[in-house]
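Beneath this line is the structure, given in structure tokens, with notes to follow.
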Amino acid sequence: MTDQHVARPRFAVIDIARGMAIIAMVAYHFCWDLSFFRFIAPDVGRDPEWVVIARSILAVFLALVGVGLVLGHGSGIRWHSFWRRWAFVVLGALAITIGTWLVFPDGFVYFGVLHAIALFSLLGLAFVRAPLWLVIVVAVAVIALPFLYADALFNAKPYSWIGFWQVPPPTNDLVPLFPWFGAVLVGIIAARIVLASSLATKLAAIRPQGRLANTLAFAGRWSLLIYLLHQPILLALVAPAAGLLQPEIAMRQNDFLAACQSTCMAGGTTAPLCTTYCQCGLEGVEQNDLWNAVFTGMVTAQEQTILDASNRQCSALIYPELNATQ
């Protein structure tokens, strides 16, 4: 391993792929912000389809970190370049920890994407020139182990970054060593296989032209800076808009109807009847300004009387025979 610079082609397709990955991540975080401030109904942080999207973007992003390690250091580690980039990542990770602790103290980011990239880059250096079979074996082990082993010890924050938890601790972003270092190793494996084949020359010769390609390549070359800056910029736009427009007020109707529908159907009532019942209940809450009572559970005697009367009225809509017994 050496600091000597070795000339190597720049792969425009890698810059473009990295640009696409960072733009996808920015788009996901924008949707997360919209969800957090209740501009949109889906729970972007927890809904299964959104979790799949987030993990897919993260896997691609980390695999490209592995590719970058091989392209940058596969012929000899350029320590000056590495430490300069690594310091930037570490400072960015520290800034994210401090920033999220100030904004989201209960779910601050203590080992997120940049924290992981800092650690994974250091570990990845050991594999850019190691026997390829060894890299493959380690990659399989790192990815597979969390599916085979878990322990409550790793539920605690000091150990959760390793990844063998049973229940993850509360945080807005957690990218543990197992299995996510495996994505970096996959990128290392792919890059080494390609560079050892004739495909490398063909890929290096690809020079997409046009505004879109140039924009994506530019975003790819500055992906770390974009990652560091994008969320503060998004929050600076979305948070004031939420304070002005108060989207949670409009969204509370959706929340009420969804919760009511689920509870109603769980009791054995058909979906159409539950829809009628819940819409009636919503009208009662709106007319009597009972939102605080509904969402906090702190109901006065007078409010309880009004709610009981509304429930009887709405029940009579779907079960007319109740009117005959009154």
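All residue names refer to the structure tokens as shown: chains lettered A, B, ... in order, residues numbered from 1 in each chain, ligands numbered from 1 in order.
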
_For Gly66 of chain A: contacts at 8 Å, only C-alpha atoms, fewer than 6 positions along chain excluded, given as an MDAnalysis selection string_ = chainID A and resid 121 124 183:188 191

Selection file, N, CA, C and O atoms, as a PDB file, in the first residue's frame:
ATOM      1  N   SER A 121     -15.712   2.840   5.406  1.00  0.00           N
ATOM      2  CA  SER A 121     -14.596   3.186   4.527  1.00  0.00           C
ATOM      3  C   SER A 121     -13.280   2.708   5.115  1.00  0.00           C
ATOM      4  O   SER A 121     -12.412   2.190   4.395  1.00  0.00           O
ATOM      5  N   GLY A 124     -13.321  -1.024   4.852  1.00  0.00           N
ATOM      6  CA  GLY A 124     -13.282  -1.447   3.460  1.00  0.00           C
ATOM      7  C   GLY A 124     -11.893  -1.436   2.861  1.00  0.00           C
ATOM      8  O   GLY A 124     -11.610  -2.216   1.936  1.00  0.00           O
ATOM      9  N   ALA A 183     -23.119  -4.396   2.156  1.00  0.00           N
ATOM     10  CA  ALA A 183     -23.397  -3.678   0.909  1.00  0.00           C
ATOM     11  C   ALA A 183     -22.125  -3.050   0.354  1.00  0.00           C
ATOM     12  O   ALA A 183     -21.892  -3.050  -0.862  1.00  0.00           O
ATOM     13  N   VAL A 184     -21.281  -2.505   1.221  1.00  0.00           N
ATOM     14  CA  VAL A 184     -20.002  -1.942   0.781  1.00  0.00           C
ATOM     15  C   VAL A 184     -19.120  -3.041   0.189  1.00  0.00           C
ATOM     16  O   VAL A 184     -18.482  -2.850  -0.856  1.00  0.00           O
ATOM     17  N   LEU A 185     -19.101  -4.197   0.842  1.00  0.00           N
ATOM     18  CA  LEU A 185     -18.304  -5.319   0.333  1.00  0.00           C
ATOM     19  C   LEU A 185     -18.819  -5.799  -1.018  1.00  0.00           C
ATOM     20  O   LEU A 185     -18.023  -6.173  -1.892  1.00  0.00           O
ATOM     21  N   VAL A 186     -20.138  -5.786  -1.202  1.00  0.00           N
ATOM     22  CA  VAL A 186     -20.701  -6.153  -2.509  1.00  0.00           C
ATOM     23  C   VAL A 186     -20.198  -5.187  -3.578  1.00  0.00           C
ATOM     24  O   VAL A 186     -19.854  -5.597  -4.700  1.00  0.00           O
ATOM     25  N   GLY A 187     -20.161  -3.895  -3.245  1.00  0.00           N
ATOM     26  CA  GLY A 187     -19.629  -2.922  -4.187  1.00  0.00           C
ATOM     27  C   GLY A 187     -18.165  -3.164  -4.499  1.00  0.00           C
ATOM     28  O   GLY A 187     -17.726  -3.024  -5.652  1.00  0.00           O
ATOM     29  N   ILE A 188     -17.388  -3.526  -3.484  1.00  0.00           N
ATOM     30  CA  ILE A 188     -15.967  -3.835  -3.691  1.00  0.00           C
ATOM     31  C   ILE A 188     -15.811  -5.041  -4.601  1.00  0.00           C
ATOM     32  O   ILE A 188     -14.992  -5.047  -5.532  1.00  0.00           O
ATOM     33  N   ALA A 191     -16.814  -4.097  -8.243  1.00  0.00           N
ATOM     34  CA  ALA A 191     -15.813  -3.244  -8.889  1.00  0.00           C
ATOM     35  C   ALA A 191     -14.562  -4.037  -9.252  1.00  0.00           C
ATOM     36  O   ALA A 191     -13.995  -3.852 -10.342  1.00  0.00           O
TER      37      ALA A 191
END

Mind running segment 140-253 of chain A against segment 27-42 of chain A at 9 Å and telling me each contacting residue's nearest atom pair with the distance in Å (one decimal), counting only C-alpha atoms, chain and number ascending, as CSV?
residue,atom,partner,partner_atom,distance
A:His230,CA,A:His29,CA,8.7
A:Gln231,CA,A:His29,CA,7.2
A:Leu234,CA,A:Phe30,CA,6.6
A:Leu235,CA,A:Asp33,CA,7.1
A:Val238,CA,A:Asp33,CA,7.0
A:Ala239,CA,A:Phe37,CA,7.2
A:Ala242,CA,A:Phe37,CA,6.3
A:Gln246,CA,A:Arg38,CA,8.5
A:Pro247,CA,A:Phe39,CA,5.4
A:Glu248,CA,A:Arg38,CA,5.2
A:Ile249,CA,A:Arg38,CA,8.7
A:Ala250,CA,A:Arg38,CA,8.7
A:Met251,CA,A:Arg38,CA,6.5
A:Arg252,CA,A:Arg38,CA,9.0

>> Env of Ala156 of chain A: 12 Å cut, atoms = only C-alpha atoms, seq-sep filter 5 positions within chain, self excluded. Answer as number ranges by chain.
In response: A: 151, 161-171

* To do: Pick out each residue of segment 7-222 of chain A that DSSP on the backbone tags as helix (DSSP H, G or I); I need them as number ranges by chain.
  => A: 12-36, 48-73, 79-103, 113-127, 132-148, 152-155, 157-160, 177-195, 199-205, 211-221

- Message: So, with only C-alpha atoms as the atoms that count, which of A:Leu282, A:Pro272, A:Ala17, A:Ala93 lies closest to Leu119 of chain A?
- Response: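 Under the stated criterion, the closest residue is A:Ala93.
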
Review point. Which distance in Å separates atom CA of Thr305 of chain A and atom CA of Phe256 of chain A, to one decimal?
Key: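 One can read the atom CA of Thr305 of chain A to atom CA of Phe256 of chain A distance as 19.4 Å.
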
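All residues of protein, DNA or RNA that reach within 9 Å of segment 218-225 of chain A, judged by only C-alpha atoms and not counting those fewer than 4 positions away in the chain, are Ile14, Asp15, Ile16, Ala17, Arg18, Gly19, Met20, Ala21, Ile22, Ile23, Phe88, Val89, Gly92, Leu114, Ala213, Asn214, Leu229 and His230 of chain A.
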
Item to check | Residue neighbourhood Phe295 of chain A, 12 Å, only C-alpha atoms, exclusion window fewer than 2 positions, as a list in words | outcome: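 Returned residues: Ile249, Arg252, Gln253, Asp255, Phe256, Ala259, Val285, Asp289, Leu290, Trp291, Asn292, Ala293, Gly297, Met298 and Val299 of chain A.
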
I need the residues from that last selection saved to file as a CSV table (one decimal), in the first residue's frame (with all heavy atoms), if you can.
chain,number,residue,atom,x,y,z
A,249,ILE,N,-54.0,19.7,10.9
A,249,ILE,CA,-55.4,19.9,11.2
A,249,ILE,C,-56.2,19.2,10.1
A,249,ILE,O,-57.2,18.5,10.5
A,249,ILE,CB,-55.7,21.4,11.2
A,249,ILE,CG1,-55.1,22.1,12.4
A,249,ILE,CG2,-57.3,21.6,11.3
A,249,ILE,CD1,-55.3,23.6,12.5
A,252,ARG,N,-55.9,15.3,10.5
A,252,ARG,CA,-56.5,14.6,11.7
A,252,ARG,C,-57.8,13.9,11.3
A,252,ARG,O,-58.2,12.9,11.9
A,252,ARG,CB,-56.8,15.6,12.8
A,252,ARG,CG,-57.8,16.7,12.5
A,252,ARG,CD,-57.8,17.8,13.6
A,252,ARG,NE,-58.9,18.8,13.4
A,252,ARG,CZ,-59.0,19.9,14.1
A,252,ARG,NH1,-58.2,20.0,15.2
A,252,ARG,NH2,-60.0,20.7,13.9
A,253,GLN,N,-58.5,14.5,10.3
A,253,GLN,CA,-59.7,13.8,9.9
A,253,GLN,C,-59.4,12.4,9.3
A,253,GLN,O,-60.1,11.4,9.6
A,253,GLN,CB,-60.5,14.7,8.8
A,253,GLN,CG,-61.0,16.0,9.3
A,253,GLN,CD,-61.8,16.7,8.3
A,253,GLN,OE1,-61.8,16.3,7.1
A,253,GLN,NE2,-62.3,17.9,8.7
A,255,ASP,N,-56.8,10.6,10.0
A,255,ASP,CA,-56.4,9.7,11.1
A,255,ASP,C,-57.6,9.2,11.9
A,255,ASP,O,-57.7,8.0,12.3
A,255,ASP,CB,-55.5,10.5,12.1
A,255,ASP,CG,-54.2,10.9,11.5
A,255,ASP,OD1,-53.8,10.2,10.5
A,255,ASP,OD2,-53.5,11.8,12.0
A,256,PHE,N,-58.6,10.1,12.2
A,256,PHE,CA,-59.8,9.7,12.9
A,256,PHE,C,-60.6,8.6,12.1
A,256,PHE,O,-61.0,7.6,12.7
A,256,PHE,CB,-60.7,10.9,13.1
A,256,PHE,CG,-62.0,10.6,13.8
A,256,PHE,CD1,-62.1,10.5,15.1
A,256,PHE,CD2,-63.1,10.3,13.0
A,256,PHE,CE1,-63.3,10.2,15.8
A,256,PHE,CE2,-64.4,10.0,13.6
A,256,PHE,CZ,-64.5,9.9,15.0
A,259,ALA,N,-58.6,5.2,12.1
A,259,ALA,CA,-58.7,4.5,13.4
A,259,ALA,C,-60.1,4.0,13.6
A,259,ALA,O,-60.3,2.9,14.1
A,259,ALA,CB,-58.2,5.5,14.5
A,285,VAL,N,-67.8,14.9,16.0
A,285,VAL,CA,-66.6,15.5,16.6
A,285,VAL,C,-66.4,16.9,16.1
A,285,VAL,O,-66.1,17.9,16.8
A,285,VAL,CB,-65.4,14.6,16.3
A,285,VAL,CG1,-64.1,15.3,16.7
A,285,VAL,CG2,-65.5,13.3,17.0
A,289,ASP,N,-66.7,20.2,18.4
A,289,ASP,CA,-65.3,20.6,18.7
A,289,ASP,C,-64.7,19.7,19.8
A,289,ASP,O,-64.2,20.1,20.8
A,289,ASP,CB,-65.2,22.1,19.1
A,289,ASP,CG,-63.8,22.6,19.2
A,289,ASP,OD1,-62.9,22.0,18.5
A,289,ASP,OD2,-63.5,23.6,19.9
A,290,LEU,N,-64.7,18.4,19.5
A,290,LEU,CA,-64.2,17.4,20.5
A,290,LEU,C,-62.8,16.8,20.1
A,290,LEU,O,-62.4,15.8,20.6
A,290,LEU,CB,-65.2,16.3,20.6
A,290,LEU,CG,-66.6,16.6,21.1
A,290,LEU,CD1,-67.5,15.4,21.0
A,290,LEU,CD2,-66.5,17.1,22.6
A,291,TRP,N,-62.1,17.5,19.2
A,291,TRP,CA,-60.8,17.0,18.8
A,291,TRP,C,-59.8,16.8,20.0
A,291,TRP,O,-59.1,15.8,20.0
A,291,TRP,CB,-60.2,17.9,17.8
A,291,TRP,CG,-60.8,17.8,16.4
A,291,TRP,CD1,-61.5,18.8,15.8
A,291,TRP,CD2,-60.8,16.7,15.6
A,291,TRP,NE1,-62.0,18.3,14.6
A,291,TRP,CE2,-61.6,17.0,14.4
A,291,TRP,CE3,-60.3,15.4,15.7
A,291,TRP,CZ2,-61.8,16.1,13.4
A,291,TRP,CZ3,-60.5,14.5,14.6
A,291,TRP,CH2,-61.2,14.9,13.5
A,292,ASN,N,-59.7,17.7,20.8
A,292,ASN,CA,-58.8,17.6,22.0
A,292,ASN,C,-59.2,16.3,22.8
A,292,ASN,O,-58.3,15.6,23.2
A,292,ASN,CB,-58.8,18.8,22.8
A,292,ASN,CG,-57.8,18.8,23.9
A,292,ASN,OD1,-56.6,18.8,23.7
A,292,ASN,ND2,-58.3,18.7,25.2
A,293,ALA,N,-60.5,16.1,23.0
A,293,ALA,CA,-60.9,15.0,23.8
A,293,ALA,C,-60.6,13.7,23.1
A,293,ALA,O,-60.1,12.7,23.7
A,293,ALA,CB,-62.4,15.1,24.1
A,297,GLY,N,-57.6,11.8,25.0
A,297,GLY,CA,-58.2,10.9,25.9
A,297,GLY,C,-58.7,11.5,27.2
A,297,GLY,O,-59.3,10.8,28.0
A,298,MET,N,-58.5,12.8,27.3
A,298,MET,CA,-58.9,13.5,28.5
A,298,MET,C,-60.3,14.1,28.3
A,298,MET,O,-60.4,15.2,27.6
A,298,MET,CB,-57.9,14.6,28.9
A,298,MET,CG,-56.5,14.1,29.1
A,298,MET,SD,-55.3,15.4,29.4
A,298,MET,CE,-55.9,16.2,30.8
A,299,VAL,N,-61.3,13.4,28.7
A,299,VAL,CA,-62.7,13.7,28.4
A,299,VAL,C,-63.4,14.2,29.6
A,299,VAL,O,-63.4,13.5,30.7
A,299,VAL,CB,-63.4,12.5,27.8
A,299,VAL,CG1,-64.8,12.9,27.3
A,299,VAL,CG2,-62.6,11.9,26.6

Could you pull the residues within 10 Å of Leu257 of chain A, counting only C-alpha atoms, minus those fewer than 6 positions along the same chain, as a CSV table (one decimal) with C-alpha atoms, in the first residue's frame?
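The result, stored in out-v9.csv:
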chain,number,residue,atom,x,y,z
A,263,THR,CA,-61.8,-0.5,15.3
A,274,CYS,CA,-68.3,1.1,9.2
A,275,THR,CA,-67.7,3.9,6.6
A,277,TYR,CA,-70.7,5.0,11.1
A,278,CYS,CA,-67.3,6.7,11.1
A,279,GLN,CA,-68.3,9.5,8.8
A,281,GLY,CA,-68.8,10.1,14.1
A,282,LEU,CA,-66.5,12.6,12.4

Exercise. What does the distance between atom CA of Pro179 of chain A and atom CA of Val52 of chain A come to in Å, to one decimal place?
Worked result: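 Separating atom CA of Pro179 of chain A from atom CA of Val52 of chain A is a distance of 15.0 Å.
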
Check your understanding: Please, what distance in Å, to one decimal, runs between atom CA of Ala200 of chain A and atom CA of Ala63 of chain A?
Key ->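 Computed distance, atom CA of Ala200 of chain A to atom CA of Ala63 of chain A, equals 17.3 Å.
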
Measuring between only C-alpha atoms, which one of A:Gly284, A:Leu91, A:Pro105, A:Lys202 shows the shortest distance to Asp308 of chain A?
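Of A:Gly284, A:Leu91, A:Pro105, A:Lys202, the one nearest Asp308 of chain A is A:Gly284, counting only C-alpha atoms.
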